[in-house]
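See structure below.
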Amino acid sequence: MRMKAYGRGRPEIKICGITRLKEAVYLNEIQAEYAGFVFWEKSKRNVSFSQAEQICRLLDKKIKRVAVTVSPGVGVARRIAEAGFDILQIHGELSEEVLRKCLIPIWRAYNLQKPEDLKSAERHPKIAGYVIDAGASGSGRTFDWEGSLGILDKMKVTVFAGKKFILAGGLDSQNVGKAVRMFQPDVVDVSSSVEGTQGKEQALVAEYAKAARDAGAGVEVSDRNCMSKGKC
């Protein structure tokens with residue numbers, strides 16, 4: 001039986017960990033849909049609100065601003081909303097108070113150590129999307145794709161239904177095509193693989209965006225097993 005490799009159309013692009021003014025230009029050039037700014041002091045990509053504001057001024061207005069956080073309190077969530085961000089991405093703990101009081105849509109992020117970790121996924125009207133990431137965010141490593149495929153297929157028609165499914169974790173220009181055909185995400189999220197020694201690199205960003213969008217152009221495959229056999 002034949003199936004569409006990508007039923008939702010081309011994936012949207014999120015470039016995460018923006019830290020420099022010139023990187024806004026790179027995102028504008030590829031017409032990215034999302035720009036991610038990390039607000040977590042332990043990350044090498046951490047930025048201040050002032051830095052993020054300066055970069056955002058150069059971003060095309062069509063690009064949505066995503067604030068990436070770890071276990072934020074209500075105060076941080078409120079400040080992010082007041083700063084004009086479109087989406088609050090939350091790793092770690094998500095408190096009931098933040099859920100109630102957050103003023104912008106939430107993307108709930110899960111760092112998969114094993115596929116079963118997804119069974120605890122929260123459901124809430126304010127959760128507009130689910131980010132499925134590797135065990136350590138920003139590590140450049142993928143999670144267990146083959147082992148997670150079954151449960152993610154089920155999640156897409158249950159917990160993820162009507163929400164954005166954002167695939168992250170170790171994506172690069174060489175494997176994003178396989179990831180798009182395999183998981184059919186709404187958004188592909190990248191950081192490490194489009195960086196050089198000083199931050200995001202223009203050529204790497206462009207190469208990644210092209211690979212992701214080309215993969216979502218409607219190619220048909222006979223079945224998903226060909227992915228693991230390297231014949232797609």
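If you're wondering about the labels, chains in the structure tokens are A, B, ... by order shown, residues count from 1 in each chain, ligands from 1 in order shown.
When the distance limit is 12 Å and only C-alpha atoms are what count, the residues near A:Val159, minus those fewer than 5 positions from it on the same chain, are A:Arg108, A:Leu118, A:Lys119, A:Ser120, A:Ala121, A:Glu122, A:Arg123, A:His124, A:Pro125, A:Ile127, A:Ala128, A:Gly129, A:Tyr130, A:Ile151, A:Leu152, A:Asp153, A:Lys154, A:Lys164, A:Phe165.
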**Request:** Find the residues around A:Gly135 up to 9 Å (only C-alpha atoms counted), leave out those fewer than 6 positions away in its own chain, and share them as a list in words.
**Result:**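 Using only C-alpha atoms, the neighbours found are Tyr110, Asn111, Leu112, Gln113, Lys114, Arg141, Thr142, Phe143 and Gly169 of chain A.
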Residue subset to file, keeping all heavy atoms, as a PDB file, in the first residue's frame:
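Listed below is the output, result_23.pdb:
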```
ATOM      1  N   TYR A 110       9.225  18.473  25.281  1.00  0.00           N
ATOM      2  CA  TYR A 110       9.582  17.235  25.961  1.00  0.00           C
ATOM      3  C   TYR A 110      10.939  16.767  25.467  1.00  0.00           C
ATOM      4  O   TYR A 110      11.152  16.611  24.260  1.00  0.00           O
ATOM      5  CB  TYR A 110       8.534  16.152  25.708  1.00  0.00           C
ATOM      6  CG  TYR A 110       7.218  16.463  26.365  1.00  0.00           C
ATOM      7  CD1 TYR A 110       6.212  17.111  25.655  1.00  0.00           C
ATOM      8  CD2 TYR A 110       6.988  16.149  27.705  1.00  0.00           C
ATOM      9  CE1 TYR A 110       5.008  17.433  26.261  1.00  0.00           C
ATOM     10  CE2 TYR A 110       5.781  16.463  28.319  1.00  0.00           C
ATOM     11  CZ  TYR A 110       4.798  17.107  27.592  1.00  0.00           C
ATOM     12  OH  TYR A 110       3.618  17.430  28.200  1.00  0.00           O
ATOM     13  N   ASN A 111      11.837  16.555  26.412  1.00  0.00           N
ATOM     14  CA  ASN A 111      13.164  16.027  26.089  1.00  0.00           C
ATOM     15  C   ASN A 111      13.140  14.519  26.307  1.00  0.00           C
ATOM     16  O   ASN A 111      13.149  14.044  27.438  1.00  0.00           O
ATOM     17  CB  ASN A 111      14.222  16.681  26.976  1.00  0.00           C
ATOM     18  CG  ASN A 111      14.328  18.174  26.719  1.00  0.00           C
ATOM     19  OD1 ASN A 111      13.666  18.973  27.383  1.00  0.00           O
ATOM     20  ND2 ASN A 111      15.123  18.552  25.751  1.00  0.00           N
ATOM     21  N   LEU A 112      13.081  13.774  25.205  1.00  0.00           N
ATOM     22  CA  LEU A 112      12.875  12.332  25.283  1.00  0.00           C
ATOM     23  C   LEU A 112      14.133  11.569  25.666  1.00  0.00           C
ATOM     24  O   LEU A 112      15.132  11.578  24.941  1.00  0.00           O
ATOM     25  CB  LEU A 112      12.370  11.793  23.937  1.00  0.00           C
ATOM     26  CG  LEU A 112      11.002  12.264  23.432  1.00  0.00           C
ATOM     27  CD1 LEU A 112      10.583  11.413  22.250  1.00  0.00           C
ATOM     28  CD2 LEU A 112       9.964  12.210  24.521  1.00  0.00           C
ATOM     29  N   GLN A 113      14.063  10.905  26.794  1.00  0.00           N
ATOM     30  CA  GLN A 113      15.086   9.939  27.158  1.00  0.00           C
ATOM     31  C   GLN A 113      14.695   8.566  26.612  1.00  0.00           C
ATOM     32  O   GLN A 113      15.543   7.775  26.218  1.00  0.00           O
ATOM     33  CB  GLN A 113      15.228   9.865  28.683  1.00  0.00           C
ATOM     34  CG  GLN A 113      15.584  11.188  29.349  1.00  0.00           C
ATOM     35  CD  GLN A 113      16.980  11.681  28.998  1.00  0.00           C
ATOM     36  OE1 GLN A 113      17.833  10.902  28.555  1.00  0.00           O
ATOM     37  NE2 GLN A 113      17.223  12.965  29.181  1.00  0.00           N
ATOM     38  N   LYS A 114      13.374   8.335  26.585  1.00  0.00           N
ATOM     39  CA  LYS A 114      12.808   7.096  26.043  1.00  0.00           C
ATOM     40  C   LYS A 114      11.405   7.407  25.536  1.00  0.00           C
ATOM     41  O   LYS A 114      10.768   8.380  25.991  1.00  0.00           O
ATOM     42  CB  LYS A 114      12.766   6.004  27.116  1.00  0.00           C
ATOM     43  CG  LYS A 114      12.019   6.377  28.370  1.00  0.00           C
ATOM     44  CD  LYS A 114      12.175   5.289  29.416  1.00  0.00           C
ATOM     45  CE  LYS A 114      11.379   5.615  30.692  1.00  0.00           C
ATOM     46  NZ  LYS A 114      11.793   6.896  31.305  1.00  0.00           N
ATOM     47  N   ARG A 141      22.090  16.140  19.116  1.00  0.00           N
ATOM     48  CA  ARG A 141      21.829  14.701  19.017  1.00  0.00           C
ATOM     49  C   ARG A 141      20.341  14.438  18.802  1.00  0.00           C
ATOM     50  O   ARG A 141      19.496  15.162  19.314  1.00  0.00           O
ATOM     51  CB  ARG A 141      22.295  13.995  20.291  1.00  0.00           C
ATOM     52  CG  ARG A 141      23.785  14.124  20.545  1.00  0.00           C
ATOM     53  CD  ARG A 141      24.168  13.452  21.846  1.00  0.00           C
ATOM     54  NE  ARG A 141      25.594  13.584  22.117  1.00  0.00           N
ATOM     55  CZ  ARG A 141      26.190  13.140  23.212  1.00  0.00           C
ATOM     56  NH1 ARG A 141      25.458  12.539  24.150  1.00  0.00           N
ATOM     57  NH2 ARG A 141      27.492  13.301  23.375  1.00  0.00           N
ATOM     58  N   THR A 142      20.036  13.381  18.065  1.00  0.00           N
ATOM     59  CA  THR A 142      18.645  12.999  17.853  1.00  0.00           C
ATOM     60  C   THR A 142      18.178  12.073  18.976  1.00  0.00           C
ATOM     61  O   THR A 142      18.990  11.488  19.686  1.00  0.00           O
ATOM     62  CB  THR A 142      18.464  12.251  16.516  1.00  0.00           C
ATOM     63  OG1 THR A 142      19.206  11.024  16.562  1.00  0.00           O
ATOM     64  CG2 THR A 142      18.959  13.099  15.340  1.00  0.00           C
ATOM     65  N   PHE A 143      16.855  11.950  19.116  1.00  0.00           N
ATOM     66  CA  PHE A 143      16.326  10.920  20.006  1.00  0.00           C
ATOM     67  C   PHE A 143      16.159   9.636  19.193  1.00  0.00           C
ATOM     68  O   PHE A 143      16.531   9.583  18.017  1.00  0.00           O
ATOM     69  CB  PHE A 143      15.002  11.369  20.648  1.00  0.00           C
ATOM     70  CG  PHE A 143      13.910  11.759  19.674  1.00  0.00           C
ATOM     71  CD1 PHE A 143      13.044  10.803  19.171  1.00  0.00           C
ATOM     72  CD2 PHE A 143      13.742  13.074  19.265  1.00  0.00           C
ATOM     73  CE1 PHE A 143      12.032  11.130  18.275  1.00  0.00           C
ATOM     74  CE2 PHE A 143      12.734  13.433  18.369  1.00  0.00           C
ATOM     75  CZ  PHE A 143      11.883  12.455  17.881  1.00  0.00           C
ATOM     76  N   GLY A 169      15.813  18.302  17.892  1.00  0.00           N
ATOM     77  CA  GLY A 169      16.792  17.352  18.392  1.00  0.00           C
ATOM     78  C   GLY A 169      17.692  16.754  17.330  1.00  0.00           C
ATOM     79  O   GLY A 169      17.345  15.767  16.694  1.00  0.00           O
TER      80      GLY A 169
END
```
**Request:** Taking the DSSP assignment computed from this structure's backbone, write out as a ChimeraX atom specification all residues of stretch 33-225 of chain A that belong to strand (DSSP E).
**Result:** /A:34-38,64-70,87-91,106-112,127-134,164-167,187-190,195-196,199-200,220-221
Return as JSON lines the residues of stretch 15-47 of chain A lying at most 10 Å from stretch 203-213 of chain A, together with the closest atom-to-atom pair for each and the distance in Å to one decimal, counting only C-alpha atoms, with rows in chain order and ascending residue number.
```
{"residue": "A:Ile15", "atom": "CA", "partner": "A:Val205", "partner_atom": "CA", "distance": 8.0}
{"residue": "A:Glu23", "atom": "CA", "partner": "A:Val205", "partner_atom": "CA", "distance": 9.4}
{"residue": "A:Tyr26", "atom": "CA", "partner": "A:Val205", "partner_atom": "CA", "distance": 7.0}
{"residue": "A:Leu27", "atom": "CA", "partner": "A:Val205", "partner_atom": "CA", "distance": 7.8}
{"residue": "A:Glu29", "atom": "CA", "partner": "A:Ala206", "partner_atom": "CA", "distance": 8.1}
{"residue": "A:Ile30", "atom": "CA", "partner": "A:Ala206", "partner_atom": "CA", "distance": 6.2}
{"residue": "A:Gln31", "atom": "CA", "partner": "A:Ala209", "partner_atom": "CA", "distance": 9.1}
{"residue": "A:Ala32", "atom": "CA", "partner": "A:Ala209", "partner_atom": "CA", "distance": 8.0}
```
**Request:** Apply DSSP to the backbone of this structure and, from stretch 83-125 of chain A, keep only the residues in helix (DSSP H, G or I); write these as a ChimeraX atom specification.
**Result:** /A:96-101,115-120
**Item:** Contact residues around A:Arg20 with only C-alpha atoms at 8 Å, ignoring same-chain residues under 4 positions, as number ranges by chain
**Value:** A: 24, 55, 199
So that I have them on file, write out the residues from the current selection with C-alpha atoms, as a short mmCIF file (atom, residue, chain, number, x, y, z; two decimals), in the first residue's frame.
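Heads up, here's the output in again_35.cif:
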```cif
data_model
loop_
_atom_site.label_atom_id
_atom_site.label_comp_id
_atom_site.auth_asym_id
_atom_site.auth_seq_id
_atom_site.Cartn_x
_atom_site.Cartn_y
_atom_site.Cartn_z
CA ALA A 24 17.80 38.07 11.80
CA ILE A 55 17.25 41.43 17.06
CA GLY A 199 26.81 31.58 15.97
#
```
**Shortest interatomic distance to A:Leu21 - which of A:Lys200, A:Glu96, A:Leu103, A:Val188, counting only C-alpha atoms** =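 Closest residue, counting only C-alpha atoms: A:Lys200.
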**Prompt:** Which one is closest to A:Thr19: A:Phe183, A:Trp107, A:Tyr34, A:Phe39? Count only C-alpha atoms.
**Reply:**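 Between A:Phe183, A:Trp107, A:Tyr34, A:Phe39, the residue approaching A:Thr19 most closely is A:Phe39.
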**Message:** Counting only C-alpha atoms, which residue out of A:Val25, A:Ala67, A:Glu33, A:Ala217 sits closest to A:Asn46?
**Reply:** A:Ala67
**Request:** Extract, using only C-alpha atoms, all DNA, RNA and protein residues at most 8 Å from A:Ser193, discarding same-chain residues fewer than 4 positions from it, and format them as a ChimeraX atom specification.
**Result:** /A:140,170-173,204
**Request:** May I ask for the distance between atom CA of A:Lys163 and atom CA of A:Ser95, given in Å to one decimal place?
**Result:** 19.9 Å
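Take atom CA of A:Glu93 and atom CA of A:Asp117: the distance between them is 13.8 Å.
Look at A:Lys64: the protein and nucleic acid residues within 10 Å of it, using only C-alpha atoms and passing over chain neighbours fewer than 3 places away, are Lys14, Ala32, Glu33, Tyr34, Ala35, Gly36, Cys56, Leu59, Asp60, Lys61, Ala67, Gly84, Phe85, Asp86 and Ile87 of chain A.
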**Request:** May I ask for the distance between atom CA of A:Val38 and atom CA of A:Glu82, given in Å to one decimal place?
**Result:** 16.3 Å
**Request:** Choose the residue, out of A:Phe160, A:Trp145, A:Trp40, A:Phe49, that has the smallest atom-to-atom separation from A:His91; count only C-alpha atoms.
**Result:**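 Using only C-alpha atoms, A:His91 sits closest to A:Trp40.
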**Prompt:** Got a sec: who's within 8 Å of A:Leu167, counting only C-alpha atoms, leaving out chain neighbours fewer than 2 positions off, as an NGL selection string?
**Reply:** :A and (131-133 or 165 or 169 or 185-189)
Given the selection you just returned, output its residues as a file containing N, CA, C and O atoms, formatted as a CSV table (one decimal), in the first residue's frame.
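Contents of out01.csv, freshly written:
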```csv
chain,number,residue,atom,x,y,z
A,131,VAL,N,6.7,20.3,21.3
A,131,VAL,CA,8.1,20.2,20.8
A,131,VAL,C,8.7,18.9,21.3
A,131,VAL,O,8.8,18.7,22.5
A,132,ILE,N,9.0,18.1,20.4
A,132,ILE,CA,9.6,16.8,20.7
A,132,ILE,C,11.1,16.9,20.4
A,132,ILE,O,11.5,16.9,19.3
A,133,ASP,N,11.9,16.9,21.5
A,133,ASP,CA,13.3,17.1,21.4
A,133,ASP,C,14.1,16.0,22.0
A,133,ASP,O,13.6,15.0,22.6
A,165,PHE,N,2.8,20.2,15.8
A,165,PHE,CA,3.8,19.1,16.2
A,165,PHE,C,5.2,19.6,15.7
A,165,PHE,O,5.4,19.7,14.5
A,169,GLY,N,15.8,18.3,17.9
A,169,GLY,CA,16.8,17.4,18.4
A,169,GLY,C,17.7,16.8,17.3
A,169,GLY,O,17.3,15.8,16.7
A,185,PRO,N,6.1,16.3,10.6
A,185,PRO,CA,5.9,17.3,11.6
A,185,PRO,C,5.3,18.6,10.9
A,185,PRO,O,5.5,18.8,9.7
A,186,ASP,N,4.7,19.4,11.7
A,186,ASP,CA,4.3,20.8,11.2
A,186,ASP,C,5.5,21.7,11.1
A,186,ASP,O,5.5,22.6,10.3
A,187,VAL,N,6.4,21.6,12.1
A,187,VAL,CA,7.6,22.5,12.2
A,187,VAL,C,8.8,21.7,12.4
A,187,VAL,O,8.8,20.7,13.2
A,188,VAL,N,9.9,22.0,11.8
A,188,VAL,CA,11.2,21.4,12.1
A,188,VAL,C,12.1,22.5,12.7
A,188,VAL,O,12.3,23.6,12.2
A,189,ASP,N,12.6,22.2,13.9
A,189,ASP,CA,13.3,23.1,14.8
A,189,ASP,C,14.8,22.8,14.8
A,189,ASP,O,15.2,21.6,15.1
```
**Request:** Point out the residue among A:Arg78, A:Glu116, A:Lys22, A:Ala168 with the least atom-to-atom distance to A:Ile104, counting only C-alpha atoms.
**Result:** A:Arg78
